[in-house]
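What follows is the content of structure11.pdb (PDB, C-alpha atoms).
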MODEL        1
ATOM      1  CA  MET J   1      -4.724   1.532  14.155
ATOM      2  CA  ILE J   2      -1.059   2.008  14.987
ATOM      3  CA  LEU J   3       0.138   0.857  18.379
ATOM      4  CA  ASP J   4       2.798   2.807  20.300
ATOM      5  CA  GLU J   5       5.342   0.011  19.860
ATOM      6  CA  GLN J   6       4.475  -0.741  16.246
ATOM      7  CA  ILE J   7       7.103   0.029  13.646
ATOM      8  CA  ILE J   8       5.703   0.962  10.258
ATOM      9  CA  SER J   9       7.841   0.124   7.251
ATOM     10  CA  VAL J  10       7.455   0.411   3.506
ATOM     11  CA  GLU J  11       6.824  -2.973   1.898
ATOM     12  CA  LYS J  12       6.311  -1.953  -1.733
ATOM     13  CA  VAL J  13       6.753   1.139  -3.922
ATOM     14  CA  ASN J  14       5.183   1.882  -7.308
ATOM     15  CA  HIS J  15       6.186   4.827  -9.468
ATOM     16  CA  ILE J  16       2.965   6.631 -10.394
ATOM     17  CA  GLY J  17       4.483   9.368 -12.540
ATOM     18  CA  ASP J  18       6.743  12.403 -12.317
ATOM     19  CA  PHE J  19       7.607  12.681  -8.611
ATOM     20  CA  LYS J  20       4.707  10.596  -7.283
ATOM     21  CA  LEU J  21       5.154   7.252  -5.571
ATOM     22  CA  GLU J  22       2.550   4.869  -4.234
ATOM     23  CA  LEU J  23       3.779   3.415  -0.943
ATOM     24  CA  GLU J  24       2.405   0.221   0.580
ATOM     25  CA  PHE J  25       3.157  -0.252   4.259
ATOM     26  CA  ASN J  26       3.448  -3.357   6.423
ATOM     27  CA  ASP J  27       0.078  -2.541   8.029
ATOM     28  CA  LYS J  28      -1.426  -2.995   4.504
ATOM     29  CA  THR J  29      -2.287   0.688   4.059
ATOM     30  CA  CYS J  30      -1.354   2.519   0.854
ATOM     31  CA  GLN J  31      -0.619   6.160   0.256
ATOM     32  CA  VAL J  32       0.413   8.183  -2.786
ATOM     33  CA  VAL J  33       3.122  10.705  -1.957
ATOM     34  CA  ASP J  34       4.034  13.560  -4.291
ATOM     35  CA  PHE J  35       7.659  14.528  -3.629
ATOM     36  CA  TYR J  36       7.532  17.543  -5.973
ATOM     37  CA  PRO J  37       6.800  20.160  -3.265
ATOM     38  CA  PHE J  38       9.625  18.844  -1.076
ATOM     39  CA  LEU J  39      12.173  18.573  -3.875
ATOM     40  CA  SER J  40      11.308  21.871  -5.549
ATOM     41  CA  SER J  41      11.574  23.893  -2.324
ATOM     42  CA  SER J  42      14.539  22.140  -0.701
ATOM     43  CA  LEU J  43      17.557  24.303   0.078
ATOM     44  CA  ASN J  44      19.790  21.340   0.876
ATOM     45  CA  PRO J  45      22.668  21.423  -1.646
ATOM     46  CA  LEU J  46      22.735  17.623  -1.930
ATOM     47  CA  ILE J  47      19.102  17.678  -3.052
ATOM     48  CA  ARG J  48      19.384  20.881  -5.100
ATOM     49  CA  LYS J  49      22.129  19.498  -7.346
ATOM     50  CA  TYR J  50      19.891  16.599  -8.410
ATOM     51  CA  TRP J  51      16.813  18.790  -8.639
ATOM     52  CA  LEU J  52      18.626  21.152 -11.006
ATOM     53  CA  TYR J  53      19.794  18.156 -13.035
ATOM     54  CA  VAL J  54      16.227  16.921 -13.677
ATOM     55  CA  ASN J  55      14.673  20.401 -13.733
ATOM     56  CA  PRO J  56      17.256  22.839 -15.201
ATOM     57  CA  SER J  57      14.847  25.805 -15.071
ATOM     58  CA  GLY J  58      14.995  25.811 -11.305
TER      59      GLY J  58
ENDMDL
END
Full structure transcribed into structure tokens:
Amino acid sequence: MILDEQIISVEKVNHIGDFKLELEFNDKTCQVVDFYPFLSSSLNPLIRKYWLYVNPSG
């Protein structure tokens, strides 16, 4: 349970594969996050230039 004043921070990160990361938080919970949907649909030019570098087809 997260308290109102509690600050959650990432303690550890493991690369799972492709654009997936496993995040371990200071409250000892873990979550796998797939960044593919965010990166592939981002219109931000600072993200797009790197996305096009790793994924030239778009």
Shell of 12 Å around segment 38-53 of chain J, only C-alpha atoms, local chain residues under 6 positions omitted, as an mmCIF file with C-alpha atoms, in the coordinates of the input:
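This is the output file around-v8.cif:
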data_model
loop_
_atom_site.group_PDB
_atom_site.id
_atom_site.type_symbol
_atom_site.label_atom_id
_atom_site.label_comp_id
_atom_site.auth_asym_id
_atom_site.auth_seq_id
_atom_site.Cartn_x
_atom_site.Cartn_y
_atom_site.Cartn_z
ATOM 1 C CA ASP J 18 6.743 12.403 -12.317
ATOM 2 C CA PHE J 19 7.607 12.681 -8.611
ATOM 3 C CA LYS J 20 4.707 10.596 -7.283
#
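Around Val10 of chain J, within 7 Å and counting all atoms listed in the file, the residues found are Leu23, Glu24, Phe25 and Asn26 of chain J, once anything fewer than 3 positions away on its own chain is removed.
Coordinates place atom CA of Lys12 of chain J at a distance of 20.0 Å from atom CA of Tyr36 of chain J.
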Atom CA of Val54 of chain J sits from atom CA of Gln31 of chain J at a separation of 24.4 Å
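Interatomic distance, atom CA of Leu21 of chain J to atom CA of Pro37 of chain J: 13.2 Å.
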Practice problem: Would you mind telling me which residue in J:Gly17, J:Gln6, J:Ser57, J:Glu11 lies nearest to Thr29 of chain J when using all atoms listed in the file? | Solution: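 With all atoms listed in the file as the atom set, the closest residue is J:Glu11.
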If you take every atom of segment 37-48 of chain J that the file lists and fit an axis-aligned box around them with 6 Å extra on each side, what centre and edge lengths come out in Å to one decimal, as JSON?
{"center_x": 14.8, "center_y": 21.0, "center_z": -2.3, "size_x": 27.9, "size_y": 18.7, "size_z": 18.4}
